[in-house]
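Participant: Supplied structure: run04.txt, compact mmCIF, C-alpha atoms and all ligand atoms.
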```txt
# COMPACT_ATOMS: atom_id res chain seq x y z
CA MET M 262 183.05 53.20 83.60
CA THR M 263 183.02 53.59 87.39
CA GLN M 264 183.25 56.95 89.09
CA ASP M 265 182.24 57.11 92.71
CA SER M 266 180.67 60.38 93.85
CA GLY M 267 178.37 58.70 96.38
CA ALA M 268 176.66 55.38 96.67
CA VAL M 269 173.57 54.49 94.70
CA ASP M 270 172.22 52.17 97.35
CA PHE M 271 168.84 50.50 97.65
CA THR M 272 169.37 48.79 100.99
CA GLY M 273 166.00 48.51 102.76
CA GLN M 274 164.12 49.69 99.67
CA VAL M 275 161.50 47.94 97.56
CA VAL M 276 161.37 48.42 93.79
CA ILE M 277 158.75 47.25 91.30
CA VAL M 278 160.05 46.56 87.79
CA THR M 279 157.41 45.83 85.14
CA GLY M 280 158.48 43.82 82.12
CA ALA M 281 161.31 42.52 84.34
CA GLY M 282 161.62 39.29 82.38
CA GLY M 283 162.59 41.05 79.15
CA GLY M 284 165.99 42.16 77.93
CA LEU M 285 166.15 45.58 79.57
CA GLY M 286 163.89 44.79 82.53
CA SER M 287 166.01 41.82 83.53
CA ALA M 288 169.27 43.82 83.39
CA ILE M 289 167.67 46.65 85.40
CA ALA M 290 166.06 44.37 88.02
CA ARG M 291 169.30 42.44 88.58
CA GLU M 292 171.36 45.64 88.92
CA ILE M 293 168.94 47.20 91.41
CA ALA M 294 168.74 43.96 93.43
CA ARG M 295 172.55 43.80 93.44
CA ARG M 296 172.46 47.24 95.04
CA GLY M 297 170.27 45.99 97.89
CA ALA M 298 166.65 46.42 96.76
CA ALA M 299 163.96 43.82 97.26
CA VAL M 300 162.45 43.56 93.78
CA ILE M 301 158.99 42.72 92.53
CA ALA M 302 159.81 41.30 89.11
CA ASN M 303 156.62 41.66 87.12
CA ASP M 304 156.23 40.12 83.69
CA LEU M 305 153.25 38.44 82.08
CA GLY M 306 155.53 36.70 79.58
CA GLY M 307 153.59 37.59 76.48
CA PRO M 308 154.48 37.75 72.79
CA VAL M 309 156.61 40.67 71.64
CA THR M 310 153.67 42.15 69.71
CA GLY M 311 151.36 41.86 72.73
CA GLY M 312 147.73 40.90 72.31
CA ALA M 313 146.29 37.52 73.10
CA GLY M 314 148.66 34.60 73.38
CA ALA M 315 150.15 32.19 75.84
CA HIS M 316 151.65 33.77 78.91
CA ASP M 317 154.91 32.29 80.09
CA HIS M 318 155.80 32.46 83.79
CA ARG M 319 159.42 31.67 82.98
CA PHE M 320 159.98 35.34 81.98
CA ALA M 321 159.52 36.56 85.56
CA ASP M 322 160.82 33.36 87.14
CA HIS M 323 164.20 33.45 85.42
CA VAL M 324 165.06 36.94 86.70
CA VAL M 325 163.90 36.05 90.23
CA GLU M 326 166.11 32.94 90.10
CA ALA M 327 169.09 35.01 88.93
CA ILE M 328 168.58 37.57 91.70
CA THR M 329 168.14 35.02 94.48
CA ALA M 330 171.07 32.93 93.20
CA ALA M 331 173.22 36.07 93.56
CA GLY M 332 172.03 36.49 97.17
CA GLY M 333 169.37 39.12 96.49
CA ARG M 334 165.65 39.30 97.24
CA ALA M 335 162.97 39.15 94.54
CA ILE M 336 159.44 37.87 94.03
CA ALA M 337 157.80 37.14 90.71
CA SER M 338 154.52 38.69 89.58
CA TYR M 339 152.78 37.48 86.42
CA ASP M 340 150.12 40.17 86.28
CA ASP M 341 149.13 42.13 83.21
CA ILE M 342 149.82 45.75 84.12
CA ALA M 343 147.77 47.04 81.18
CA GLY M 344 144.73 46.56 83.44
CA GLU M 345 144.04 48.32 86.75
CA ALA M 346 143.35 45.06 88.59
CA GLY M 347 146.71 43.60 87.54
CA ALA M 348 148.63 46.73 88.54
CA ARG M 349 146.86 46.82 91.92
CA ARG M 350 147.86 43.18 92.52
CA VAL M 351 151.51 44.01 91.78
CA VAL M 352 151.45 46.82 94.34
CA ALA M 353 149.60 44.65 96.88
CA LEU M 354 152.27 41.97 96.44
CA ALA M 355 155.04 44.48 97.16
CA LEU M 356 153.26 45.66 100.29
CA SER M 357 152.32 42.23 101.61
CA GLN M 358 155.76 40.69 100.96
CA PHE M 359 158.09 43.61 101.61
CA GLY M 360 155.96 46.24 103.38
CA ARG M 361 156.74 49.32 101.25
CA ILE M 362 157.29 50.71 97.77
CA ASP M 363 160.14 53.09 97.07
CA ALA M 364 160.35 53.02 93.28
CA VAL M 365 158.43 51.84 90.27
CA ILE M 366 160.13 51.25 86.96
CA ALA M 367 157.42 51.19 84.28
CA ASN M 368 159.36 49.22 81.71
CA ALA M 369 156.87 46.69 80.28
CA GLY M 370 156.31 47.10 76.59
CA THR M 371 155.33 45.56 73.29
CA MET M 372 156.22 46.42 69.72
CA ARG M 373 154.44 46.63 66.37
CA PHE M 374 156.73 47.58 63.56
CA GLY M 375 155.74 48.68 60.08
CA ALA M 376 154.99 51.52 57.71
CA PHE M 377 152.14 53.86 58.67
CA GLU M 378 149.90 52.45 55.92
CA ALA M 379 150.31 48.97 57.36
CA MET M 380 149.36 49.97 60.92
CA SER M 381 145.73 49.95 62.05
CA LEU M 382 143.89 51.79 64.80
CA ALA M 383 143.80 48.45 66.60
CA ASP M 384 147.63 48.32 66.50
CA LEU M 385 147.81 51.81 67.97
CA GLN M 386 145.26 51.01 70.67
CA ALA M 387 147.08 47.80 71.63
CA LEU M 388 150.34 49.71 72.03
CA LEU M 389 148.71 52.56 73.94
CA ALA M 390 147.12 50.05 76.32
CA VAL M 391 150.43 48.52 77.33
CA HIS M 392 152.81 51.48 77.16
CA VAL M 393 150.81 54.41 78.45
CA GLY M 394 147.98 52.39 80.03
CA GLY M 395 150.47 50.13 81.81
CA ALA M 396 152.58 53.07 83.00
CA TRP M 397 149.43 54.85 84.17
CA THR M 398 147.98 51.90 86.10
CA ILE M 399 151.16 50.95 87.96
CA ALA M 400 151.94 54.60 88.80
CA GLN M 401 148.38 55.19 89.98
CA ALA M 402 148.37 52.03 92.13
CA ALA M 403 151.68 52.98 93.79
CA TRP M 404 150.91 56.71 94.06
CA PRO M 405 148.92 56.79 97.36
CA HIS M 406 151.64 54.79 99.10
CA MET M 407 154.33 57.13 97.84
CA ARG M 408 152.22 60.15 98.82
CA ALA M 409 151.78 58.74 102.32
CA ALA M 410 155.51 58.07 102.61
CA GLY M 411 156.45 61.47 101.18
CA TYR M 412 158.91 59.66 98.96
CA GLY M 413 158.90 57.86 95.63
CA ARG M 414 160.69 57.42 92.35
CA LEU M 415 158.79 56.74 89.13
CA VAL M 416 160.90 55.84 86.13
CA PHE M 417 159.29 55.41 82.72
CA ALA M 418 160.63 53.65 79.64
CA THR M 419 160.13 55.87 76.65
CA SER M 420 161.85 55.79 73.28
CA SER M 421 163.63 57.91 70.71
CA ALA M 422 160.82 56.75 68.39
CA GLY M 423 158.46 58.88 70.53
CA MET M 424 160.91 61.74 71.16
CA LEU M 425 162.59 61.93 67.76
CA GLY M 426 160.54 59.78 65.35
CA ASN M 427 161.05 56.73 63.16
CA ALA M 428 159.08 56.16 59.96
CA MET M 429 158.46 52.50 60.78
CA LEU M 430 157.34 53.17 64.34
CA SER M 431 154.44 55.62 64.05
CA ALA M 432 152.09 53.71 66.39
CA TYR M 433 154.82 52.66 68.83
CA GLY M 434 156.25 56.20 68.78
CA ALA M 435 152.81 57.66 69.51
CA ALA M 436 152.48 55.38 72.54
CA LYS M 437 155.95 56.26 73.79
CA GLY M 438 155.24 59.96 73.26
CA ALA M 439 152.18 59.56 75.45
CA VAL M 440 154.38 58.01 78.16
CA MET M 441 156.44 61.20 78.09
CA GLY M 442 153.26 63.26 78.47
CA LEU M 443 152.35 61.17 81.52
CA MET M 444 155.81 61.68 82.99
CA HIS M 445 155.54 65.45 82.48
CA GLY M 446 152.24 65.58 84.39
CA LEU M 447 153.27 63.24 87.21
CA SER M 448 156.53 65.14 87.73
CA GLU M 449 154.51 68.25 88.44
CA SER M 450 151.99 66.35 90.59
CA GLY M 451 154.69 64.60 92.61
CA ARG M 452 157.17 67.43 93.02
CA ASP M 453 155.79 68.68 96.37
CA HIS M 454 155.35 65.16 97.76
CA GLY M 455 158.87 63.81 97.34
CA ILE M 456 157.83 61.81 94.26
CA LEU M 457 160.31 62.33 91.45
CA CYS M 458 159.54 61.18 87.91
CA ASN M 459 161.92 60.70 85.02
CA ALA M 460 162.01 58.84 81.72
CA TYR M 461 164.71 56.90 79.92
CA MET M 462 165.19 56.24 76.23
CA PRO M 463 167.18 53.02 76.00
CA ASN M 464 168.75 51.49 72.91
CA ALA M 465 169.47 47.81 73.32
CA ILE M 466 169.41 44.61 71.38
CA THR M 467 166.62 42.58 72.94
CA ARG M 468 163.94 40.32 71.52
CA MET M 469 161.98 43.51 70.76
CA THR M 470 164.64 44.92 68.48
CA GLU M 471 166.78 42.03 67.29
CA GLY M 472 164.44 41.15 64.43
CA ILE M 473 164.63 44.62 62.92
CA GLY M 474 167.00 44.27 59.99
CA ALA M 475 168.70 46.29 57.29
CA SER M 476 165.76 46.08 54.91
CA ASP M 477 163.48 47.61 57.55
CA LEU M 478 165.60 50.51 58.71
CA GLY M 479 167.88 51.39 55.80
CA ASP M 480 171.19 51.59 57.60
CA ASN M 481 170.96 48.67 59.94
CA PRO M 482 171.91 50.05 63.37
CA TRP M 483 172.86 46.62 64.62
CA SER M 484 175.66 46.45 62.06
CA MET M 485 177.06 49.86 62.98
CA PRO M 486 180.16 50.17 65.19
CA LEU M 487 178.00 51.19 68.15
CA ALA M 488 176.16 47.86 68.09
CA ALA M 489 178.76 46.39 70.44
CA CYS M 490 177.46 48.79 73.11
CA PHE M 491 173.81 47.78 72.77
CA ASP M 492 173.78 45.24 75.57
CA PRO M 493 170.86 46.02 77.95
CA ALA M 494 173.44 46.39 80.74
CA TYR M 495 174.35 49.76 79.20
CA ALA M 496 171.00 51.21 80.31
CA ALA M 497 170.94 49.60 83.78
CA GLY M 498 173.21 52.17 85.47
CA LEU M 499 171.09 55.11 84.29
CA VAL M 500 167.81 53.52 85.33
CA SER M 501 169.24 52.44 88.71
CA TYR M 502 170.31 56.01 89.38
CA LEU M 503 166.93 57.46 88.38
CA ALA M 504 165.13 54.99 90.67
CA SER M 505 167.36 55.74 93.66
CA ALA M 506 167.39 58.26 96.49
CA ALA M 507 170.63 59.59 95.00
CA CYS M 508 168.60 61.10 92.14
CA VAL M 509 167.13 64.38 93.33
CA THR M 510 165.99 65.86 90.00
CA THR M 511 162.60 65.36 88.42
CA HIS M 512 160.95 65.83 85.03
CA GLY M 513 163.87 64.65 82.91
CA ILE M 514 164.24 62.50 79.81
CA TYR M 515 167.54 60.69 79.49
CA SER M 516 169.02 58.83 76.54
CA SER M 517 171.22 55.76 76.81
CA LEU M 518 172.69 54.98 73.43
CA GLY M 519 175.84 53.20 72.38
CA GLY M 520 177.88 54.06 75.46
CA ARG M 521 176.60 57.63 75.91
CA ILE M 522 174.15 58.83 78.55
CA GLY M 523 172.72 62.29 77.97
CA ARG M 524 169.70 64.45 78.71
CA ALA M 525 167.08 65.08 76.05
CA PHE M 526 165.12 68.29 76.45
CA ILE M 527 162.38 70.31 74.86
CA GLY M 528 163.40 73.84 73.99
CA ILE M 529 161.42 76.68 72.41
CA THR M 530 163.14 79.32 70.32
CA ASP M 531 162.87 82.96 71.31
CA GLY M 532 161.11 83.38 67.95
CA VAL M 533 159.34 86.68 67.37
CA THR M 534 157.05 88.58 69.70
CA ALA M 535 154.52 91.35 69.16
CA ASP M 536 151.90 93.28 71.12
CA GLY M 537 149.04 91.95 68.97
CA PRO M 538 148.27 88.86 66.86
CA ILE M 539 151.07 87.97 64.44
CA ASP M 540 149.63 87.52 60.93
CA ALA M 541 150.54 84.78 58.45
CA GLU M 542 152.65 87.09 56.26
CA THR M 543 154.77 88.07 59.25
CA VAL M 544 155.11 84.40 60.21
CA ALA M 545 156.31 83.69 56.64
CA ALA M 546 158.75 86.60 56.68
CA GLN M 547 160.08 85.67 60.13
CA TRP M 548 160.14 81.91 59.52
CA PRO M 549 163.95 81.57 59.63
CA ARG M 550 164.05 83.48 62.92
CA ILE M 551 161.15 81.49 64.40
CA GLY M 552 162.94 78.25 63.66
CA ASP M 553 166.49 79.20 64.58
CA PRO M 554 167.73 78.06 68.01
CA GLU M 555 171.02 79.89 67.34
CA ARG M 556 169.14 83.14 68.02
CA GLY M 557 168.26 81.94 71.49
CA TYR M 558 165.95 79.43 73.10
CA THR M 559 164.65 78.44 76.51
CA ILE M 560 163.85 75.11 78.12
CA PRO M 561 160.63 75.63 80.10
CA SER M 562 160.43 73.46 83.19
CA ASN M 563 156.64 73.08 82.83
CA ASN M 564 153.80 74.74 80.94
CA THR M 565 153.31 77.72 83.21
CA ASP M 566 157.07 78.31 83.09
CA GLU M 567 156.61 78.97 79.36
CA TRP M 568 154.07 81.70 80.27
CA ARG M 569 156.61 83.24 82.66
CA ILE M 570 159.34 83.14 80.01
CA VAL M 571 157.20 84.83 77.34
CA ALA M 572 156.03 87.51 79.78
CA GLU M 573 159.69 88.19 80.60
CA GLN M 574 160.67 88.26 76.90
CA ARG M 575 157.91 90.78 76.23
CA GLY M 576 158.81 92.85 79.29
CA LEU M 577 155.37 92.42 80.86
N1 LIG A 1 165.26 47.61 73.18
C1 LIG A 1 165.29 48.88 72.79
O1 LIG A 1 166.18 49.30 72.01
C2 LIG A 1 164.26 49.85 73.29
C3 LIG A 1 164.29 51.16 72.80
C4 LIG A 1 163.40 52.09 73.29
C5 LIG A 1 162.49 51.73 74.26
N2 LIG A 1 162.45 50.43 74.72
C6 LIG A 1 161.47 50.11 75.75
O2 LIG A 1 162.12 49.46 76.83
C7 LIG A 1 161.21 48.58 77.49
C8 LIG A 1 161.79 47.17 77.58
O3 LIG A 1 161.93 46.65 76.25
P1 LIG A 1 162.87 45.42 75.86
O4 LIG A 1 163.66 45.87 74.70
O5 LIG A 1 163.55 44.88 77.07
O6 LIG A 1 161.78 44.39 75.30
P2 LIG A 1 161.39 42.91 75.77
O7 LIG A 1 160.34 42.44 74.82
O8 LIG A 1 162.61 42.08 75.92
O9 LIG A 1 160.77 43.15 77.21
C9 LIG A 1 159.48 43.66 77.44
C10 LIG A 1 158.83 42.79 78.51
O10 LIG A 1 157.58 43.39 78.88
C11 LIG A 1 156.67 42.32 79.15
N3 LIG A 1 155.30 42.81 79.03
C12 LIG A 1 154.67 43.23 77.90
N4 LIG A 1 153.42 43.60 78.17
C13 LIG A 1 153.23 43.42 79.51
C14 LIG A 1 152.13 43.63 80.38
N5 LIG A 1 150.96 44.10 79.91
N6 LIG A 1 152.28 43.33 81.68
C15 LIG A 1 153.46 42.85 82.17
N7 LIG A 1 154.54 42.64 81.37
C16 LIG A 1 154.43 42.92 80.06
C17 LIG A 1 157.01 41.28 78.09
O11 LIG A 1 156.54 39.98 78.46
C18 LIG A 1 158.53 41.39 78.01
O12 LIG A 1 159.19 40.43 78.80
C19 LIG A 1 159.92 48.64 76.66
O13 LIG A 1 159.03 49.56 77.24
C20 LIG A 1 160.39 49.14 75.32
O14 LIG A 1 159.36 49.75 74.58
C21 LIG A 1 163.31 49.49 74.25
```
Spit out the file's structure as C-alpha cells when you get a sec.

Facilitator:
Amino acid sequence: MTQDSGAVDFTGQVVIVTGAGGGLGSAIAREIARRGAAVIANDLGGPVTGGAGAHDHRFADHVVEAITAAGGRAIASYDDIAGEAGARRVVALALSQFGRIDAVIANAGTMRFGAFEAMSLADLQALLAVHVGGAWTIAQAAWPHMRAAGYGRLVFATSSAGMLGNAMLSAYGAAKGAVMGLMHGLSESGRDHGILCNAYMPNAITRMTEGIGASDLGDNPWSMPLAACFDPAYAAGLVSYLASAACVTTHGIYSSLGGRIGRAFIGITDGVTADGPIDAETVAAQWPRIGDPERGYTIPSNNTDEWRIVAEQRGL
C-alpha cells in the first residue's frame, strides 16, 4: 500500500541498525538505505540462541553488499552490542565514516523458546544481556551525539511476547518487556532534546521464528491465512517511518502483524476512588468495576501523568 502524505526521506542522514544481517534487520536496513540513509549494518552473526559460538561476518556483509549493489551507502560492523565496548565501536564507526548519527534501530536479538519449567536463570540472563543490554548500550553510546545535535530517533524492537505474553516465551518476553521499560524512560529523557523514542512489535518469518511449529504453539501461526503477510518487508515501512524526521511522536509502541499496523497502548481503568485506603472487601465488591474498561479508562502519557489523572478524577 502506498499513500503519499509527505516523503520519508533519509538523504544526508546516518542510521545504525543492529542485527542488520537478520531477517527483519536486513529488510529494515535495505529500506532505509533505499530512502537515502548511510547505514551502519551491525551484526555479529551469532547463533539464533545467542551465547558462545562462531561469529559469521557474512551476516553483516550480505546486507552491505545488497545496499551498495542497489546504489546505496553502508558499512558493516561485526561488534557485539551486548557489551559497552562493542556498542561504542559501532557509534565510533558511524562518526568516523559518515560524521553523524541520526537514528539508531536497536533490532539485534536472540531467542530461547520453551516452557517456563525448561528455562533457567542463565537463559533469562542471556536474553536480557542481548535485548535490553544491547538496546541500552547502543542507545547510551549514541545519546551524547544526539543530545549535542538536538535531534535523534531511537527505535526499539520489542515483541507481543513482552507486551501480551506467550506461554513458551517467558524469558524472551521478560527481556522484551524490559526493552519497553527502557523505551518509556528514554522517551521522557529525550523529549526536550529532540530525541524521540518508539518501539515496534514485528511479526515475521525469519530464522528466529521459522522453527516454531504447530506442536510448540498449538495453532501454528505460520499455517494461518495471515502467514502470507509475514515477510519481514511488512515491518520495514513502519520502522523506517519511526526512524525518520517525518515521525514527530514519541513514547509509542506499534504492532506490525499480518498486514496491519496499529498502536498498542497501556490504559488504566477509572476503577474506584475513595478519600481513604480502600480495603480488601471493597476491592472484592468492586472487582468488576475495577476491571471494566467499558466504564472508562485513560492512557497516561508517563507516570506523573497518572498522578494528574487521578487527582482530576478525585477532584483534588
Ligand atoms: N521475527 C519475529 O516474528 C519477531 C517478533 C517479535 C520481535 N522480534 C524481534 O525483532 C528483532 C529481529 O529479529 P529477527 O526475527 O530478524 O531475527 P534474526 O535472528 O533473523 O535476526 C537477529 C540478528 O541479530 C543478530 N545479533 C544477535 N545478537 C547480537 C549482538 N549481541 N550483537 C550484534 N548482533 C546480534 C543476529 O546475528 C541476527 O542476525 C529481534 O530483536 C527479535 O527479538 C522478531

Participant: Ligand LIG 1 (chain A): which residues are within 7 Å, counting all atoms listed in the file, as a VMD selection string?

Facilitator: chain M and resid 279 to 286 303 to 309 311 320 339 to 343 368 to 372 391 to 392 395 418 to 421 462 to 470

Participant: With all atoms listed in the file as the counted atoms, please give the residues lying no more than 8 Å from Ala294 (chain M), apart from itself and same-chain residues fewer than 3 positions off, as a ChimeraX atom specification.

Facilitator: /M:271,290-291,297-300,328,333-335

Participant: Which residues, written as a PyMOL selection string, have at least one atom at most 10 Å from Gln386 (chain M), with all atoms listed in the file counted and residues fewer than 4 positions away on the same chain left out?

Facilitator: chain M and resi 381-382+390-392+394+432-433+436

Participant: Hey, which of M:Glu573, M:Gly442, M:Ala364, M:Thr530 ends up closest to Glu555 (chain M)? Count only C-alpha atoms.

Facilitator: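 The answer is M:Thr530, which sits nearest to Glu555 (chain M).
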
Participant: Which residues of region 497-572 of chain M come within 9 Å of region 444-449 of chain M, and for each one, what is the closest pair of atoms and their distance in Å to one decimal, counting all atoms listed in the file, sorted by chain and residue number, as a Markdown table?

Facilitator:
```
| residue | atom | partner | partner_atom | distance |
| --- | --- | --- | --- | --- |
| M:Thr511 | CA | M:Ser448 | CA | 6.1 |
| M:His512 | CA | M:Ser448 | CA | 5.2 |
| M:Gly513 | CA | M:His445 | CA | 8.4 |
| M:Asn563 | CA | M:Glu449 | CA | 7.7 |
```

Participant: Would you mind exporting the chosen residues as a PDB file, keeping the file's coordinate frame, restricted to C-alpha atoms?

Facilitator:
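What ended up in out-v3.pdb:
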```
ATOM      1  CA  THR M 511     162.600  65.360  88.420  1.00  0.00           C
ATOM      2  CA  HIS M 512     160.950  65.830  85.030  1.00  0.00           C
ATOM      3  CA  GLY M 513     163.870  64.650  82.910  1.00  0.00           C
ATOM      4  CA  ASN M 563     156.640  73.080  82.830  1.00  0.00           C
TER       5      ASN M 563
END
```

Participant: Which of these residues is nearest to Gln401 (chain M), using all atoms listed in the file: M:Ser450, M:Ser517, M:Gln574, M:Thr263?

Facilitator: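 Distance minimum relative to Gln401 (chain M) lands on M:Ser450.
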
Participant: Find the residue from M:Ala460, M:Ala315, M:Val269, M:Ile527 that sits nearest to Val416 (chain M); use only C-alpha atoms when measuring.

Facilitator: M:Ala460

Participant: Which neighbours of Lys437 (chain M) fall inside 6 Å, counting all atoms listed in the file, when residues of the same chain fewer than 2 positions from it are skipped, and could you give them as a list in words?

Facilitator: Thr419, Ser420, Gly423, Gly434, Ala435, Ala439 and Val440 of chain M

Participant: Could you check the closest approach to Pro405 (chain M) for each of M:Leu443, M:Glu378, M:Arg361, M:Gly519 and tell me which residue wins, using only C-alpha atoms?

Facilitator: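 Comparing M:Leu443, M:Glu378, M:Arg361, M:Gly519 against Pro405 (chain M), the winner is M:Arg361.
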
Participant: Tell me which of M:Ala403, M:Gly332, M:Ala288, M:Ala546 sits closest to Tyr495 (chain M), counting only C-alpha atoms.

Facilitator: M:Ala288

Participant: Pick the closest to Ile366 (chain M) from M:Arg349, M:His318, M:Arg569, M:Arg414: which is it, counting only C-alpha atoms?

Facilitator: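 Checking each candidate against Ile366 (chain M), we get M:Arg414 as the closest.
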
Participant: Record the distance separating CA of Ile336 (chain M) and CA of Ile456 (chain M), expressed in Å with one decimal.

Facilitator: 24.0 Å

Participant: Within 7 Å of Ile301 (chain M), counting only C-alpha atoms, which residues qualify if same-chain residues fewer than 6 places away don't, as number ranges by chain?

Facilitator: M: 276-278, 335-338, 355

Participant: Between CA of Val325 (chain M) and CA of His406 (chain M), what is the distance in Å, rounded to a tenth?

Facilitator: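 About the pair CA of Val325 (chain M) and CA of His406 (chain M): they are 24.1 Å apart.
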
Participant: Take CA of Gly375 (chain M) and CA of Tyr515 (chain M) and report the distance between them in Å, one decimal.

Facilitator: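 Atom-to-atom, CA of Gly375 (chain M) and CA of Tyr515 (chain M) are spaced 25.7 Å apart.
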
Participant: Would you pick out the contacts of region 499-501 of chain M at 6 Å or less, using all atoms listed in the file, so that residues sharing its chain but fewer than 3 positions from it are not included, and give the list as a PyMOL selection string?

Facilitator: chain M and resi 293+496+504

Participant: Here's a test: counting all atoms listed in the file, identify every protein, DNA and RNA residue with an atom at most 10 Å from (152.3, 85.2, 74.7) in the file's coordinate frame, and state them as a list in words.

Facilitator: Thr534, Ala535, Asp536, Gly537, Pro538, Glu567, Trp568, Arg569, Ile570, Val571, Ala572, Glu573, Gln574, Arg575 and Leu577 of chain M
